[in-house]
Amino acid sequence: MSSPTGPGGLPVRMPRPRQTGRHRRPEPAVAPEGAPSLVLAVPGVPSAATRSLAEETLSIARSELPGLDARIGYLDGDDAEGSEFPTLQAVLGAVEAEREARAEFARAAGQEVPKQDGPSSVVVPLLAGPDSALLRRIRQALMDSSAPAELADVLGPHPLLAEALHVRLSEAGLARADRARLFTVATAADGIILGTVGGEEAVQAAGITGMLLAARLAVPVMAAALDQEGSVASVADQLRGSGSVQLALAPYLIGPEAAEGLLDTACKEADCATAEPLGAYPALGKLAVAQYAAALGIAQPAQGAPVR
């Protein structure tokens, strides 16, 4: 059977016919027209690496929800106009100013402009778990901006974060990539310390993801506060007391929220190796969209059930 050809007799890629029936793929959701912007609130000292991480996260988010207007606001950014690291407060103000300008343009063109009661932005914290100090600063930025914005929940706990932790451990040679495989890793840990920041609330939330990680690895996992003196050493002692010999530290962190040197100190306290932080793992972009959609009541394809 002949196929369509273009100039020079080259084959032309034809659009794939839409699948029908019970098992056809669901049509991807699209951001509603005029939907609020997703503003990713990024903690920590701004840097090129931090910006790259945030941009990659938002790239995944845009692919999950086409048409999404997604931006980055830094908790410790710069208020100067044109800054490469704008503050969260400045970004929220800019989004609202743009919305008002569009409405004014429409009115000038004689178009009917619906009343804008909803938020112009939904702020999604770039945090794996709760951190009361950072969340307090984010809420303060929302209040100081005077722009109508809504604060979404942090990204975890969630099964996708347990998957991300598993991948980071396997990349460091500290866990098997797949329990079903019949080979072993000589350096695989038989006890995991799940390191987080944000105090006791963060430790409790990390513990939920830790249970999911323990089920994946079939080894004990316990959460500890990296920013609380003695917490990591105490958990290491408990794991060794229960029979674990080779420990590993799995940072339950995206990266920017942790103070410099915190992971090195924890590794020395526990006398163990560490995996890398979650970083720009693809699941983070999916979870950012999920929290954005949840805040607005937009239906999204299932990304694995959240755990609370």
# chains A, B, ... in the order shown; residues from 1 in each chain; ligands from 1

$ select_by_dssp --residues "range 158-296 of chain A" --states "strand (DSSP E)" --output "mmCIF file with N, CA, C and O atoms, in the first residue's frame"
data_model
loop_
_atom_site.group_PDB
_atom_site.id
_atom_site.type_symbol
_atom_site.label_atom_id
_atom_site.label_comp_id
_atom_site.auth_asym_id
_atom_site.auth_seq_id
_atom_site.Cartn_x
_atom_site.Cartn_y
_atom_site.Cartn_z
ATOM 1 N N GLY A 191 19.869 -0.608 55.870
ATOM 2 C CA GLY A 191 19.137 0.318 56.731
ATOM 3 C C GLY A 191 19.254 1.722 56.161
ATOM 4 O O GLY A 191 20.346 2.153 55.775
ATOM 5 N N ILE A 192 18.138 2.426 56.032
ATOM 6 C CA ILE A 192 18.122 3.739 55.386
ATOM 7 C C ILE A 192 17.707 4.827 56.380
ATOM 8 O O ILE A 192 16.688 4.698 57.067
ATOM 9 N N ILE A 193 18.513 5.892 56.431
ATOM 10 C CA ILE A 193 18.143 7.090 57.193
ATOM 11 C C ILE A 193 17.564 8.096 56.212
ATOM 12 O O ILE A 193 18.232 8.513 55.265
ATOM 13 N N LEU A 194 16.311 8.448 56.401
ATOM 14 C CA LEU A 194 15.641 9.409 55.523
ATOM 15 C C LEU A 194 15.826 10.795 56.133
ATOM 16 O O LEU A 194 15.180 11.145 57.117
ATOM 17 N N GLY A 195 16.727 11.581 55.552
ATOM 18 C CA GLY A 195 17.072 12.878 56.127
ATOM 19 C C GLY A 195 16.226 14.005 55.587
ATOM 20 O O GLY A 195 16.105 14.176 54.375
ATOM 21 N N THR A 196 15.633 14.797 56.492
ATOM 22 C CA THR A 196 14.794 15.912 56.081
ATOM 23 C C THR A 196 15.114 17.140 56.911
ATOM 24 O O THR A 196 15.910 17.083 57.847
ATOM 25 N N VAL A 221 13.558 1.676 57.142
ATOM 26 C CA VAL A 221 13.785 3.088 56.818
ATOM 27 C C VAL A 221 13.260 3.925 57.978
ATOM 28 O O VAL A 221 12.113 3.744 58.408
ATOM 29 N N MET A 222 14.085 4.838 58.490
ATOM 30 C CA MET A 222 13.676 5.721 59.574
ATOM 31 C C MET A 222 14.039 7.158 59.222
ATOM 32 O O MET A 222 15.109 7.427 58.668
ATOM 33 N N ALA A 223 13.142 8.083 59.547
ATOM 34 C CA ALA A 223 13.360 9.501 59.229
ATOM 35 C C ALA A 223 14.097 10.199 60.362
ATOM 36 O O ALA A 223 13.920 9.868 61.546
ATOM 37 N N ALA A 224 14.921 11.190 59.986
ATOM 38 C CA ALA A 224 15.675 11.977 60.959
ATOM 39 C C ALA A 224 15.735 13.418 60.484
ATOM 40 O O ALA A 224 15.662 13.700 59.276
ATOM 41 N N ALA A 225 15.877 14.341 61.442
ATOM 42 C CA ALA A 225 15.966 15.765 61.127
ATOM 43 C C ALA A 225 17.421 16.165 60.947
ATOM 44 O O ALA A 225 18.203 16.137 61.893
ATOM 45 N N LEU A 247 24.537 1.244 56.656
ATOM 46 C CA LEU A 247 23.514 2.287 56.551
ATOM 47 C C LEU A 247 23.772 3.192 55.356
ATOM 48 O O LEU A 247 24.892 3.304 54.859
ATOM 49 N N ALA A 248 22.723 3.859 54.916
ATOM 50 C CA ALA A 248 22.823 4.862 53.852
ATOM 51 C C ALA A 248 21.887 6.010 54.189
ATOM 52 O O ALA A 248 20.827 5.807 54.799
ATOM 53 N N LEU A 249 22.278 7.198 53.801
ATOM 54 C CA LEU A 249 21.449 8.391 53.995
ATOM 55 C C LEU A 249 20.740 8.721 52.692
ATOM 56 O O LEU A 249 21.376 8.878 51.648
ATOM 57 N N ALA A 250 19.421 8.804 52.737
ATOM 58 C CA ALA A 250 18.624 9.196 51.577
ATOM 59 C C ALA A 250 18.053 10.586 51.850
ATOM 60 O O ALA A 250 17.143 10.720 52.678
ATOM 61 N N PRO A 251 18.578 11.624 51.226
ATOM 62 C CA PRO A 251 18.074 12.981 51.493
ATOM 63 C C PRO A 251 16.653 13.170 50.967
ATOM 64 O O PRO A 251 16.427 13.104 49.763
ATOM 65 N N ALA A 273 27.350 6.330 53.845
ATOM 66 C CA ALA A 273 27.350 6.988 52.538
ATOM 67 C C ALA A 273 26.001 7.662 52.311
ATOM 68 O O ALA A 273 25.020 7.390 53.021
ATOM 69 N N THR A 274 25.945 8.536 51.306
ATOM 70 C CA THR A 274 24.693 9.237 51.022
ATOM 71 C C THR A 274 24.375 9.229 49.538
ATOM 72 O O THR A 274 25.278 9.187 48.695
#

$ residues_around --residues "range 292-298 of chain A" --least-positions-apart "3" --cutoff "12 Å" --atoms "only C-alpha atoms" --output "short mmCIF file (atom, residue, chain, number, x, y, z; two decimals) with C-alpha atoms, in the first residue's frame"
data_model
loop_
_atom_site.label_atom_id
_atom_site.label_comp_id
_atom_site.auth_asym_id
_atom_site.auth_seq_id
_atom_site.Cartn_x
_atom_site.Cartn_y
_atom_site.Cartn_z
CA ALA A 29 -5.91 18.06 30.33
CA VAL A 30 -5.29 21.62 29.21
CA ALA A 31 -5.08 24.68 31.40
CA PRO A 32 -8.38 26.59 31.19
CA ALA A 35 -6.30 30.14 34.52
CA PRO A 36 -4.06 31.47 37.30
CA SER A 37 -0.31 31.23 36.92
CA LEU A 38 1.61 28.53 38.73
CA VAL A 39 4.37 30.23 40.69
CA LEU A 40 7.03 27.90 42.06
CA LEU A 58 8.41 23.73 35.40
CA ALA A 61 4.81 20.83 34.66
CA ARG A 62 4.03 22.53 31.34
CA GLU A 64 1.71 17.78 32.04
CA LEU A 65 -0.71 20.69 31.64
CA LEU A 68 0.02 26.50 31.82
CA ASP A 69 1.67 29.81 32.65
CA ALA A 70 4.41 28.80 35.10
CA GLY A 118 -10.30 34.27 41.80
CA PRO A 119 -6.55 34.23 42.41
CA SER A 120 -4.18 35.38 39.70
CA SER A 121 -1.53 32.95 40.97
CA VAL A 122 -1.28 29.63 42.76
CA VAL A 123 1.97 29.33 44.71
CA VAL A 124 3.46 25.83 44.89
CA PRO A 125 6.32 25.48 47.42
CA ALA A 149 -2.84 34.40 45.31
CA GLU A 150 -3.51 30.99 46.76
CA LEU A 151 -0.98 28.76 48.50
CA ALA A 152 -0.93 25.10 47.46
CA ASP A 153 0.37 22.24 49.59
CA VAL A 154 3.96 20.95 49.59
CA LEU A 155 4.78 18.10 47.20
CA GLY A 285 6.99 18.61 37.96
CA LYS A 286 4.05 16.21 37.96
CA LEU A 287 3.45 16.78 41.67
CA ALA A 288 3.67 20.56 41.25
CA VAL A 289 0.89 20.39 38.66
CA PRO A 301 -4.87 12.22 35.38
CA ALA A 302 -3.94 10.05 38.37
CA PRO A 306 -1.15 10.89 47.53
#

$ closest_residue --among "A:Pro66, A:Ala94, A:Ala270, A:Gly199" --to "Asp237 in chain A" --atoms "only C-alpha atoms"
A:Ala270

$ select_by_dssp --residues "range 23-111 of chain A" --states "alpha helix (DSSP H)" --output "number ranges by chain"
A: 48-64, 88-108

$ atom_distance --atom1 "CA of Leu135 in chain A" --atom2 "CA of Glu257 in chain A"
11.4 Å

$ residues_around --residues "Ala162 in chain A" --least-positions-apart "3" --cutoff "8 Å" --atoms "only C-alpha atoms" --output "count of residues only"
8

$ residues_around --residues "range 49-56 of chain A" --least-positions-apart "4" --cutoff "8 Å" --atoms "only C-alpha atoms" --output "PDB file with C-alpha atoms, in the first residue's frame"
ATOM      1  CA  LEU A  40       7.028  27.898  42.061  1.00  0.00           C
ATOM      2  CA  VAL A  42      12.001  28.345  45.545  1.00  0.00           C
ATOM      3  CA  ILE A  60       7.772  18.966  33.153  1.00  0.00           C
ATOM      4  CA  ILE A  72       9.624  31.082  39.446  1.00  0.00           C
ATOM      5  CA  PRO A 256      17.855  24.344  47.732  1.00  0.00           C
ATOM      6  CA  GLY A 279      16.910  17.451  42.482  1.00  0.00           C
ATOM      7  CA  ALA A 280      15.039  17.837  39.209  1.00  0.00           C
ATOM      8  CA  GLY A 285       6.989  18.614  37.965  1.00  0.00           C
TER       9      GLY A 285
END

$ closest_residue --among "A:Gly198, A:Gly156, A:Pro46, A:Pro277" --to "Arg136 in chain A" --atoms "only C-alpha atoms"
A:Gly198

$ closest_residue --among "A:Ala164, A:Leu217, A:Ala108, A:Ala90" --to "Tyr252 in chain A" --atoms "only C-alpha atoms"
A:Ala164

$ closest_residue --among "A:Ser170, A:Ser132, A:Gln111, A:Thr87" --to "Ser145 in chain A" --atoms "only C-alpha atoms"
A:Thr87

$ atom_distance --atom1 "CA of Ala259 in chain A" --atom2 "CA of Leu88 in chain A"
19.8 Å

$ closest_residue --among "A:Gly77, A:Gly93, A:Pro148, A:Pro130" --to "Asp117 in chain A" --atoms "only C-alpha atoms"
A:Pro148

$ closest_residue --among "A:Leu160, A:Val232, A:Ala128, A:Leu169" --to "Leu263 in chain A" --atoms "only C-alpha atoms"
A:Val232

$ atom_distance --atom1 "CA of Val219 in chain A" --atom2 "CA of Gly241 in chain A"
14.2 Å
